[in-house]
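Visitor: To be precise about what I am sending: the file is called target-v4.csv and holds CSV, C-alpha atoms (C1' of nucleotides).
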```csv
chain,number,residue,atom,x,y,z
Q,953,MET,CA,11.6,0.3,0.8
Q,954,THR,CA,11.2,0.0,4.5
Q,955,ARG,CA,10.1,-3.2,6.3
Q,956,ALA,CA,6.9,-1.4,7.4
Q,957,LYS,CA,6.0,-0.4,3.9
Q,958,LYS,CA,6.6,-4.0,2.7
Q,959,ARG,CA,4.4,-5.4,5.4
Q,960,SER,CA,1.7,-2.9,4.6
Q,961,ASP,CA,2.1,-3.7,0.9
Q,962,TRP,CA,1.7,-7.4,1.6
Q,963,HIS,CA,-1.3,-6.9,3.9
Q,964,VAL,CA,-3.2,-4.7,1.5
Q,965,SER,CA,-2.6,-6.9,-1.4
Q,966,ARG,CA,-3.5,-10.1,0.5
Q,967,SER,CA,-6.8,-8.4,1.4
Q,968,LEU,CA,-7.5,-7.2,-2.0
Q,969,ASP,CA,-6.9,-10.7,-3.4
Q,970,ILE,CA,-9.9,-11.8,-1.4
Q,971,TRP,CA,-12.4,-9.0,-1.6
Q,972,GLY,CA,-10.8,-6.5,-3.8
Q,973,ASP,CA,-12.9,-7.1,-6.9
Q,974,LYS,CA,-15.9,-5.2,-8.2
Q,975,TRP,CA,-18.5,-6.9,-6.0
Q,976,SER,CA,-17.3,-8.6,-2.8
Q,977,LEU,CA,-17.3,-5.5,-0.7
Q,978,LEU,CA,-20.8,-4.6,-1.7
Q,979,ILE,CA,-21.9,-8.1,-0.7
Q,980,ILE,CA,-20.2,-7.7,2.6
Q,981,ARG,CA,-21.7,-4.3,3.1
Q,982,ASP,CA,-25.1,-5.7,2.4
Q,983,LEU,CA,-24.6,-8.3,5.1
Q,984,MET,CA,-23.5,-5.7,7.6
Q,985,THR,CA,-26.8,-3.9,7.6
Q,986,ALA,CA,-29.0,-6.8,6.9
Q,987,LYS,CA,-27.4,-9.3,9.3
Q,988,GLN,CA,-28.4,-12.1,7.1
Q,989,CYS,CA,-29.5,-12.6,3.5
Q,990,THR,CA,-30.7,-15.3,1.2
Q,991,TYR,CA,-29.3,-15.7,-2.3
Q,992,SER,CA,-32.2,-13.9,-3.8
Q,993,ASP,CA,-32.0,-11.0,-1.4
Q,994,PHE,CA,-28.6,-10.2,-2.8
Q,995,LEU,CA,-30.0,-10.3,-6.3
Q,996,LYS,CA,-32.6,-7.8,-5.3
Q,997,SER,CA,-29.9,-5.3,-4.3
Q,998,PRO,CA,-30.0,-2.0,-6.1
Q,999,LYS,CA,-26.6,-2.6,-7.8
Q,1000,ARG,CA,-27.6,-5.5,-9.9
Q,1001,ILE,CA,-25.1,-8.3,-9.8
Q,1002,ALA,CA,-25.2,-11.2,-12.3
Q,1003,THR,CA,-26.3,-14.4,-10.7
Q,1004,ASN,CA,-23.3,-16.4,-11.8
Q,1005,ILE,CA,-20.9,-13.7,-10.4
Q,1006,LEU,CA,-22.8,-13.7,-7.2
Q,1007,ALA,CA,-22.4,-17.4,-6.8
Q,1008,SER,CA,-18.7,-17.3,-7.5
Q,1009,ARG,CA,-18.1,-14.4,-5.1
Q,1010,LEU,CA,-20.1,-16.0,-2.3
Q,1011,HIS,CA,-18.0,-19.1,-2.9
Q,1012,VAL,CA,-14.7,-17.2,-2.6
Q,1013,LEU,CA,-15.9,-15.3,0.5
Q,1014,GLU,CA,-17.0,-18.5,2.1
Q,1015,GLU,CA,-13.7,-20.3,1.4
Q,1016,ASN,CA,-11.9,-17.4,3.0
Q,1017,LYS,CA,-14.2,-17.6,6.1
Q,1018,ILE,CA,-15.6,-14.1,5.6
Q,1019,ILE,CA,-19.2,-15.4,5.3
Q,1020,ARG,CA,-20.8,-18.6,6.2
Q,1021,LYS,CA,-24.0,-20.4,5.2
Q,1022,LEU,CA,-26.7,-21.3,7.7
Q,1023,GLU,CA,-29.9,-23.3,7.4
Q,1024,HIS,CA,-32.9,-21.2,7.0
Q,1025,PRO,CA,-35.4,-21.8,9.9
Q,1026,ASP,CA,-38.4,-21.7,7.5
Q,1027,SER,CA,-37.3,-24.0,4.7
Q,1028,LYS,CA,-34.7,-26.3,3.4
Q,1029,ALA,CA,-34.9,-24.7,0.0
Q,1030,LYS,CA,-33.5,-21.4,1.4
Q,1031,VAL,CA,-30.0,-20.6,2.6
Q,1032,LEU,CA,-29.0,-17.9,4.9
Q,1033,TYR,CA,-25.7,-16.1,4.5
Q,1034,ARG,CA,-24.1,-14.4,7.4
Q,1035,LEU,CA,-20.8,-12.6,8.2
Q,1036,THR,CA,-18.3,-14.5,10.3
Q,1037,ARG,CA,-16.3,-12.6,13.0
Q,1038,LYS,CA,-13.6,-12.1,10.4
Q,1039,GLY,CA,-16.2,-10.7,8.0
Q,1040,ASN,CA,-17.7,-8.4,10.6
Q,1041,ASP,CA,-14.3,-7.1,11.4
Q,1042,LEU,CA,-14.3,-5.4,8.0
Q,1043,LEU,CA,-16.8,-3.0,9.4
Q,1044,PRO,CA,-14.2,-0.3,10.2
Q,1045,VAL,CA,-13.1,-0.5,6.5
Q,1046,VAL,CA,-16.6,0.0,5.3
Q,1047,ILE,CA,-17.2,2.8,7.8
Q,1048,GLU,CA,-14.1,4.7,6.6
Q,1049,ILE,CA,-15.1,4.3,3.0
Q,1050,ASN,CA,-18.5,5.8,3.9
Q,1051,LEU,CA,-16.9,8.7,5.7
Q,1052,TRP,CA,-14.7,9.4,2.8
Q,1053,ALA,CA,-17.5,9.2,0.3
Q,1054,GLU,CA,-19.7,11.4,2.4
Q,1055,LYS,CA,-17.1,14.0,2.3
Q,1056,TYR,CA,-16.4,13.9,-1.4
Q,1057,PHE,CA,-19.6,12.8,-3.1
Q,1058,PRO,CA,-22.5,14.8,-2.0
Q,1059,ILE,CA,-25.7,12.9,-2.9
Q,1060,PRO,CA,-27.7,14.7,-5.6
Q,1061,ASP,CA,-31.1,15.8,-4.4
Q,1062,GLU,CA,-33.0,14.0,-7.1
Q,1063,LEU,CA,-31.8,10.6,-5.7
Q,1064,ASN,CA,-33.8,11.3,-2.6
Q,1065,LEU,CA,-31.6,9.2,-0.3
S,1176,MET,CA,-34.3,-0.9,3.1
S,1177,THR,CA,-33.6,2.0,5.3
S,1178,ARG,CA,-32.6,5.5,4.1
S,1179,ALA,CA,-29.3,5.0,5.9
S,1180,LYS,CA,-28.5,1.7,4.2
S,1181,LYS,CA,-29.3,3.2,0.8
S,1182,ARG,CA,-27.0,6.1,1.4
S,1183,SER,CA,-24.2,3.8,2.5
S,1184,ASP,CA,-24.9,1.5,-0.5
S,1185,TRP,CA,-24.6,4.5,-2.7
S,1186,HIS,CA,-21.4,5.8,-1.1
S,1187,VAL,CA,-19.6,2.5,-1.1
S,1188,SER,CA,-20.5,1.8,-4.7
S,1189,ARG,CA,-19.6,5.3,-5.8
S,1190,SER,CA,-16.2,4.8,-4.1
S,1191,LEU,CA,-15.6,1.4,-5.6
S,1192,ASP,CA,-16.5,2.7,-9.1
S,1193,ILE,CA,-13.3,4.8,-8.8
S,1194,TRP,CA,-10.8,2.8,-7.0
S,1195,GLY,CA,-12.5,-0.5,-6.4
S,1196,ASP,CA,-10.5,-2.4,-9.0
S,1197,LYS,CA,-7.6,-4.7,-8.7
S,1198,TRP,CA,-4.9,-2.1,-8.7
S,1199,SER,CA,-5.9,1.4,-7.8
S,1200,LEU,CA,-5.7,1.0,-4.0
S,1201,LEU,CA,-2.3,-0.4,-4.3
S,1202,ILE,CA,-1.2,2.6,-6.3
S,1203,ILE,CA,-2.7,4.9,-3.7
S,1204,ARG,CA,-1.1,2.9,-0.9
S,1205,ASP,CA,2.3,3.2,-2.7
S,1206,LEU,CA,1.8,7.0,-2.8
S,1207,MET,CA,0.9,7.1,0.9
S,1208,THR,CA,4.3,5.9,2.0
S,1209,ALA,CA,6.4,7.2,-0.8
S,1210,LYS,CA,4.8,10.7,-0.9
S,1211,GLN,CA,5.6,10.9,-4.6
S,1212,CYS,CA,6.5,8.5,-7.3
S,1213,THR,CA,7.4,8.5,-11.0
S,1214,TYR,CA,5.8,6.2,-13.5
S,1215,SER,CA,8.7,3.8,-13.4
S,1216,ASP,CA,8.7,3.7,-9.6
S,1217,PHE,CA,5.2,2.2,-9.7
S,1218,LEU,CA,6.4,-0.4,-12.2
S,1219,LYS,CA,9.2,-1.4,-9.8
S,1220,SER,CA,6.7,-2.2,-7.1
S,1221,PRO,CA,6.7,-5.8,-5.8
S,1222,LYS,CA,3.2,-6.5,-7.1
S,1223,ARG,CA,3.9,-6.2,-10.8
S,1224,ILE,CA,1.3,-4.2,-12.7
S,1225,ALA,CA,1.2,-4.2,-16.4
S,1226,THR,CA,2.3,-0.9,-17.9
S,1227,ASN,CA,-0.9,-0.3,-19.9
S,1228,ILE,CA,-3.0,-1.0,-16.9
S,1229,LEU,CA,-0.9,1.4,-14.8
S,1230,ALA,CA,-1.4,4.1,-17.3
S,1231,SER,CA,-5.1,3.6,-17.4
S,1232,ARG,CA,-5.5,3.5,-13.6
S,1233,LEU,CA,-3.4,6.7,-13.2
S,1234,HIS,CA,-5.6,8.4,-15.7
S,1235,VAL,CA,-8.8,7.5,-13.9
S,1236,LEU,CA,-7.3,8.4,-10.5
S,1237,GLU,CA,-6.2,11.8,-11.9
S,1238,GLU,CA,-9.6,12.4,-13.5
S,1239,ASN,CA,-11.2,11.8,-10.2
S,1240,LYS,CA,-8.7,14.1,-8.4
S,1241,ILE,CA,-7.3,11.5,-6.2
S,1242,ILE,CA,-3.8,12.0,-7.6
S,1243,ARG,CA,-2.1,14.7,-9.6
S,1244,LYS,CA,0.9,15.1,-11.8
S,1245,LEU,CA,3.7,17.4,-11.0
S,1246,GLU,CA,6.8,18.4,-12.8
S,1247,HIS,CA,9.9,16.6,-11.7
S,1248,PRO,CA,12.5,19.1,-10.5
S,1249,ASP,CA,15.4,17.2,-12.1
S,1250,SER,CA,14.1,16.6,-15.6
S,1251,LYS,CA,11.3,17.3,-18.0
S,1252,ALA,CA,11.3,13.6,-19.0
S,1253,LYS,CA,10.1,12.6,-15.6
S,1254,VAL,CA,6.7,13.1,-14.1
S,1255,LEU,CA,5.9,13.0,-10.4
S,1256,TYR,CA,2.6,11.6,-9.1
S,1257,ARG,CA,1.3,12.7,-5.8
S,1258,LEU,CA,-1.9,12.3,-3.8
S,1259,THR,CA,-4.3,15.2,-3.6
S,1260,ARG,CA,-6.0,16.0,-0.3
S,1261,LYS,CA,-8.9,13.8,-1.5
S,1262,GLY,CA,-6.5,10.9,-2.1
S,1263,ASN,CA,-4.7,11.4,1.2
S,1264,ASP,CA,-8.0,11.2,2.9
S,1265,LEU,CA,-8.2,7.6,1.9
S,1266,LEU,CA,-5.5,6.9,4.5
S,1267,PRO,CA,-8.0,5.7,7.2
S,1268,VAL,CA,-9.4,3.2,4.8
S,1269,VAL,CA,-5.9,1.8,4.1
S,1270,ILE,CA,-5.1,1.8,7.8
S,1271,GLU,CA,-8.2,-0.2,8.6
S,1272,ILE,CA,-7.4,-2.7,5.8
S,1273,ASN,CA,-3.9,-3.1,7.3
S,1274,LEU,CA,-5.3,-3.6,10.8
S,1275,TRP,CA,-7.7,-6.2,9.5
S,1276,ALA,CA,-5.1,-8.0,7.5
S,1277,GLU,CA,-2.6,-8.0,10.4
S,1278,LYS,CA,-5.2,-9.7,12.6
S,1279,TYR,CA,-6.1,-12.3,10.1
S,1280,PHE,CA,-3.1,-12.9,7.9
S,1281,PRO,CA,0.0,-13.6,9.9
S,1282,ILE,CA,3.0,-13.1,7.7
S,1283,PRO,CA,4.9,-16.3,7.1
S,1284,ASP,CA,8.4,-16.2,8.5
S,1285,GLU,CA,10.1,-17.1,5.3
S,1286,LEU,CA,8.9,-13.9,3.7
S,1287,ASN,CA,11.1,-12.0,6.2
S,1288,LEU,CA,9.0,-8.9,6.3
I,1295,DC,C1',-49.0,-34.5,-8.7
I,1296,DT,C1',-48.4,-30.3,-10.8
I,1297,DT,C1',-46.8,-25.6,-10.3
I,1298,DT,C1',-44.0,-22.2,-8.1
I,1299,DG,C1',-39.9,-20.6,-5.6
I,1300,DC,C1',-35.2,-20.8,-4.5
I,1301,DA,C1',-30.3,-21.6,-5.2
I,1302,DC,C1',-27.7,-22.2,-8.1
I,1303,DT,C1',-25.2,-23.7,-13.3
I,1304,DT,C1',-24.3,-23.3,-18.2
I,1305,DG,C1',-23.2,-21.2,-22.6
I,1306,DC,C1',-21.9,-17.6,-25.0
I,1307,DA,C1',-21.1,-12.3,-25.6
I,1308,DT,C1',-18.6,-8.4,-24.0
I,1309,DA,C1',-15.3,-6.1,-21.1
I,1310,DT,C1',-11.2,-5.9,-18.4
I,1311,DT,C1',-6.5,-7.3,-17.6
I,1312,DG,C1',-1.9,-9.2,-18.9
I,1313,DC,C1',2.1,-9.5,-21.9
I,1314,DA,C1',5.4,-8.1,-25.3
I,1315,DA,C1',6.8,-5.0,-28.3
I,1316,DG,C1',7.0,-0.3,-30.0
I,1317,DT,C1',7.2,5.0,-30.0
I,1318,DA,C1',8.4,9.8,-29.1
I,1319,DA,C1',10.6,13.1,-26.4
I,1320,DA,C1',14.2,14.2,-23.1
I,1321,DT,C1',18.6,13.3,-21.2
I,1322,DT,C1',23.1,11.1,-21.0
I,1323,DT,C1',27.3,9.3,-23.1
I,1324,DA,C1',30.9,8.9,-26.4
B,1314,DT,C1',26.9,16.7,-31.8
B,1315,DA,C1',25.4,12.2,-33.1
B,1316,DA,C1',24.2,7.9,-31.0
B,1317,DA,C1',22.6,5.4,-27.1
B,1318,DT,C1',19.7,5.3,-23.1
B,1319,DT,C1',16.0,6.7,-20.0
B,1320,DT,C1',11.3,7.9,-19.3
B,1321,DA,C1',6.5,7.8,-19.9
B,1322,DC,C1',3.7,6.1,-22.1
B,1323,DT,C1',0.8,3.3,-26.5
B,1324,DT,C1',-0.5,-0.5,-29.4
B,1325,DG,C1',-1.9,-5.2,-30.7
B,1326,DC,C1',-3.3,-9.4,-29.3
B,1327,DA,C1',-4.0,-13.3,-25.9
B,1328,DA,C1',-6.0,-14.6,-21.5
B,1329,DT,C1',-9.2,-13.9,-17.9
B,1330,DA,C1',-13.2,-12.0,-15.6
B,1331,DT,C1',-17.8,-10.2,-15.9
B,1332,DG,C1',-22.6,-9.8,-17.9
B,1333,DC,C1',-26.8,-11.8,-19.7
B,1334,DA,C1',-30.3,-15.2,-20.7
B,1335,DA,C1',-31.8,-19.5,-20.3
B,1336,DG,C1',-31.8,-23.8,-17.9
B,1337,DT,C1',-31.5,-27.4,-13.9
B,1338,DG,C1',-32.7,-29.7,-9.7
B,1339,DC,C1',-34.6,-29.9,-5.2
B,1340,DA,C1',-38.2,-28.2,-1.8
B,1341,DA,C1',-42.5,-26.6,-0.7
B,1342,DA,C1',-47.2,-25.1,-1.7
B,1343,DG,C1',-51.6,-25.7,-4.0
```
When written as structure tokens, how does the structure in this file appear?

Guide:
Amino acid sequence: MTRAKKRSDWHVSRSLDIWGDKWSLLIIRDLMTAKQCTYSDFLKSPKRIATNILASRLHVLEENKIIRKLEHPDSKAKVLYRLTRKGNDLLPVVIEINLWAEKYFPIPDELNL
Amino acid sequence: MTRAKKRSDWHVSRSLDIWGDKWSLLIIRDLMTAKQCTYSDFLKSPKRIATNILASRLHVLEENKIIRKLEHPDSKAKVLYRLTRKGNDLLPVVIEINLWAEKYFPIPDELNL
DNA sequence: CTTTGCACTTGCATATTGCAAGTAAATTTA
DNA sequence: TAAATTTACTTGCAATATGCAAGTGCAAAG
């Protein structure tokens, strides 16, 4: 195995350790278009994530500095989540996933998207 | 939610349904540098995957036409796995993951990669 | 000062992953 | 050519992660 392959192996697997689960990338993707979300905004997302899982994923993403919490201007009861620079830099990954999916999964008409 | 966001949502989540688990993308990444692998080659990979999980992931990836099986020229006992066009087209995704990881996870010296 | 909304937590069921051992067919070795 | 080994898996069970429903505590609104 080449040095380059080993490095790539390590990089990919380090990345997946953080956001390579069933939900994290969807959370990140949500934040990319929405700029910022509250906890309950995530729960309203079409792919329904369980609230305990959401909490645990947000926690891991925050620990890894991919997202951060902000005070909500309207209320202390609300929390805003936003991508950090590091999180935003995942945009090219999400874009490439979209391009791939667009090519290989034509959206059925009846979904009306 | 905009139409564009919904489409992207759907695309990302359809993609992750197939290869968004803990192992699939590592398998795919292996095949990208190796061109082709046998079952036991995967098992020798530095990130140790359990053999039953490997079998089940390979099965799902094959069903989804991301990889395919080929006869091994040397022996009927061996099987070669290779990426399809569809699988190969995931290369940009893997590249972007690498670029991101390179930026944010400097490899510790002691790993010697 | 009571009710509602928001961001979680808790307890338990179900699903997914991990480990160790086993199997069957093909090949190699004695 | 019979026995040992290699190869690609499968099987059974333990550990971990996810899913669901209900609950908690603080903030704000009525």

Visitor: If chain Q is fitted onto chain S by least squares over all C-alpha atoms, taken pair by pair in sequence order, what do its new coordinates look like as a tab-separated table (two decimals) with C-alpha atoms, in the coordinates of the input?

Guide:
```
chain	number	residue	atom	x	y	z
Q	953	MET	CA	-34.31	-0.90	3.11
Q	954	THR	CA	-33.68	2.05	5.31
Q	955	ARG	CA	-32.56	5.49	4.03
Q	956	ALA	CA	-29.24	5.03	5.90
Q	957	LYS	CA	-28.54	1.72	4.28
Q	958	LYS	CA	-29.32	3.22	0.83
Q	959	ARG	CA	-26.99	6.11	1.42
Q	960	SER	CA	-24.28	3.78	2.59
Q	961	ASP	CA	-24.94	1.55	-0.42
Q	962	TRP	CA	-24.60	4.51	-2.76
Q	963	HIS	CA	-21.45	5.81	-1.06
Q	964	VAL	CA	-19.64	2.50	-1.11
Q	965	SER	CA	-20.49	1.81	-4.64
Q	966	ARG	CA	-19.56	5.32	-5.84
Q	967	SER	CA	-16.16	4.78	-4.18
Q	968	LEU	CA	-15.65	1.42	-5.57
Q	969	ASP	CA	-16.44	2.70	-9.07
Q	970	ILE	CA	-13.35	4.84	-8.77
Q	971	TRP	CA	-10.79	2.76	-6.97
Q	972	GLY	CA	-12.45	-0.49	-6.44
Q	973	ASP	CA	-10.57	-2.48	-9.07
Q	974	LYS	CA	-7.61	-4.79	-8.70
Q	975	TRP	CA	-4.92	-2.10	-8.69
Q	976	SER	CA	-5.96	1.46	-7.77
Q	977	LEU	CA	-5.74	0.98	-4.06
Q	978	LEU	CA	-2.29	-0.47	-4.27
Q	979	ILE	CA	-1.23	2.57	-6.31
Q	980	ILE	CA	-2.70	4.82	-3.72
Q	981	ARG	CA	-1.07	2.90	-0.94
Q	982	ASP	CA	2.23	3.21	-2.67
Q	983	LEU	CA	1.83	6.96	-2.80
Q	984	MET	CA	0.97	7.15	0.87
Q	985	THR	CA	4.31	5.86	2.00
Q	986	ALA	CA	6.38	7.19	-0.77
Q	987	LYS	CA	4.86	10.69	-0.96
Q	988	GLN	CA	5.64	10.87	-4.57
Q	989	CYS	CA	6.49	8.47	-7.39
Q	990	THR	CA	7.47	8.50	-11.01
Q	991	TYR	CA	5.83	6.19	-13.52
Q	992	SER	CA	8.68	3.79	-13.35
Q	993	ASP	CA	8.72	3.67	-9.58
Q	994	PHE	CA	5.26	2.19	-9.69
Q	995	LEU	CA	6.43	-0.40	-12.17
Q	996	LYS	CA	9.16	-1.38	-9.80
Q	997	SER	CA	6.60	-2.21	-7.10
Q	998	PRO	CA	6.68	-5.75	-5.82
Q	999	LYS	CA	3.17	-6.53	-7.17
Q	1000	ARG	CA	3.95	-6.21	-10.79
Q	1001	ILE	CA	1.38	-4.21	-12.66
Q	1002	ALA	CA	1.23	-4.16	-16.49
Q	1003	THR	CA	2.34	-0.87	-17.90
Q	1004	ASN	CA	-0.78	-0.29	-19.93
Q	1005	ILE	CA	-3.01	-0.96	-16.83
Q	1006	LEU	CA	-0.91	1.38	-14.84
Q	1007	ALA	CA	-1.39	4.14	-17.33
Q	1008	SER	CA	-5.12	3.66	-17.48
Q	1009	ARG	CA	-5.48	3.56	-13.68
Q	1010	LEU	CA	-3.35	6.65	-13.16
Q	1011	HIS	CA	-5.57	8.32	-15.74
Q	1012	VAL	CA	-8.79	7.38	-13.91
Q	1013	LEU	CA	-7.34	8.41	-10.52
Q	1014	GLU	CA	-6.23	11.69	-11.93
Q	1015	GLU	CA	-9.62	12.46	-13.53
Q	1016	ASN	CA	-11.23	11.79	-10.19
Q	1017	LYS	CA	-8.75	14.17	-8.44
Q	1018	ILE	CA	-7.28	11.44	-6.24
Q	1019	ILE	CA	-3.75	11.97	-7.64
Q	1020	ARG	CA	-2.18	14.72	-9.54
Q	1021	LYS	CA	0.89	15.07	-11.76
Q	1022	LEU	CA	3.72	17.46	-10.95
Q	1023	GLU	CA	6.83	18.47	-12.85
Q	1024	HIS	CA	9.86	16.69	-11.74
Q	1025	PRO	CA	12.52	19.19	-10.43
Q	1026	ASP	CA	15.37	17.24	-12.13
Q	1027	SER	CA	14.02	16.70	-15.63
Q	1028	LYS	CA	11.28	17.32	-18.05
Q	1029	ALA	CA	11.31	13.71	-19.10
Q	1030	LYS	CA	10.10	12.61	-15.62
Q	1031	VAL	CA	6.70	13.08	-14.01
Q	1032	LEU	CA	5.93	13.05	-10.40
Q	1033	TYR	CA	2.67	11.65	-9.11
Q	1034	ARG	CA	1.30	12.74	-5.82
Q	1035	LEU	CA	-1.88	12.24	-3.73
Q	1036	THR	CA	-4.30	15.15	-3.61
Q	1037	ARG	CA	-6.07	15.97	-0.28
Q	1038	LYS	CA	-8.91	13.77	-1.45
Q	1039	GLY	CA	-6.43	10.97	-2.15
Q	1040	ASN	CA	-4.70	11.35	1.19
Q	1041	ASP	CA	-8.01	11.19	2.91
Q	1042	LEU	CA	-8.17	7.51	1.94
Q	1043	LEU	CA	-5.52	6.90	4.50
Q	1044	PRO	CA	-7.99	5.79	7.22
Q	1045	VAL	CA	-9.33	3.18	4.70
Q	1046	VAL	CA	-5.90	1.85	4.06
Q	1047	ILE	CA	-5.06	1.85	7.76
Q	1048	GLU	CA	-8.17	-0.22	8.59
Q	1049	ILE	CA	-7.42	-2.68	5.85
Q	1050	ASN	CA	-3.92	-3.09	7.35
Q	1051	LEU	CA	-5.32	-3.62	10.82
Q	1052	TRP	CA	-7.68	-6.19	9.57
Q	1053	ALA	CA	-5.05	-8.01	7.59
Q	1054	GLU	CA	-2.66	-7.96	10.48
Q	1055	LYS	CA	-5.19	-9.68	12.53
Q	1056	TYR	CA	-6.13	-12.37	10.06
Q	1057	PHE	CA	-3.07	-13.00	7.91
Q	1058	PRO	CA	-0.05	-13.59	9.94
Q	1059	ILE	CA	3.03	-13.10	7.72
Q	1060	PRO	CA	4.90	-16.37	7.16
Q	1061	ASP	CA	8.40	-16.30	8.56
Q	1062	GLU	CA	10.07	-17.18	5.31
Q	1063	LEU	CA	8.87	-13.85	3.76
Q	1064	ASN	CA	11.08	-12.05	6.21
Q	1065	LEU	CA	8.97	-8.87	6.29
```

Visitor: With all atoms listed in the file considered, list every residue of chain S at most 8 Å from chain B, as a CSV table (one decimal) with C-alpha atoms, in the coordinates of the input.

Guide:
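result.csv written:
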```csv
chain,number,residue,atom,x,y,z
S,1214,TYR,CA,5.8,6.2,-13.5
S,1215,SER,CA,8.7,3.8,-13.4
S,1227,ASN,CA,-0.9,-0.3,-19.9
S,1230,ALA,CA,-1.4,4.1,-17.3
S,1252,ALA,CA,11.3,13.6,-19.0
S,1253,LYS,CA,10.1,12.6,-15.6
S,1254,VAL,CA,6.7,13.1,-14.1
```

Visitor: If we count all atoms listed in the file, which residues of chain Q reach to within 7 Å of chain S? Please list them as an NGL selection string.

Guide: :Q and (955 or 957-960 or 963-964 or 967 or 972-974 or 985 or 1041-1042 or 1044-1045 or 1048-1050 or 1052-1054 or 1065)

Visitor: So that I can see what lies close to Leu1035 of chain Q, please list as a list in words the residues with an atom at most 7 Å from it, counting all atoms listed in the file and leaving out residues fewer than 6 positions away in the same chain.

Guide: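 The neighbour list is Leu983, Ile1018, Ile1019 and Arg1020 of chain Q.
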
Visitor: What does the distance between atom CA of His1024 of chain Q and atom CA of Leu1010 of chain Q come to in Å, to one decimal place?

Guide: 16.7 Å

Visitor: In Å, rounded to a single decimal, give me how far atom CA of Leu1006 of chain Q is from atom C1' of DT1298 of chain I.

Guide: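 Taking atom C1' of DT1298 of chain I and atom CA of Leu1006 of chain Q, their separation equals 22.9 Å.
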
Visitor: May I have a table of the residues of chain I lying at most 8 Å from chain Q, giving each one's closest pair of atoms and their distance in Å to one decimal, counting all atoms listed in the file, ordered by chain and ascending residue number, as JSON lines?

Guide:
```
{"residue": "I:DC1300", "atom": "C1'", "partner": "Q:Ala1029", "partner_atom": "CA", "distance": 6.0}
{"residue": "I:DA1301", "atom": "C1'", "partner": "Q:Tyr991", "partner_atom": "CA", "distance": 6.6}
{"residue": "I:DC1302", "atom": "C1'", "partner": "Q:Ala1007", "partner_atom": "CA", "distance": 7.3}
{"residue": "I:DT1303", "atom": "C1'", "partner": "Q:Asn1004", "partner_atom": "CA", "distance": 7.7}
```

Visitor: What does the distance between atom CA of Lys1244 of chain S and atom CA of Arg1257 of chain S come to in Å, to one decimal place?

Guide: 6.5 Å
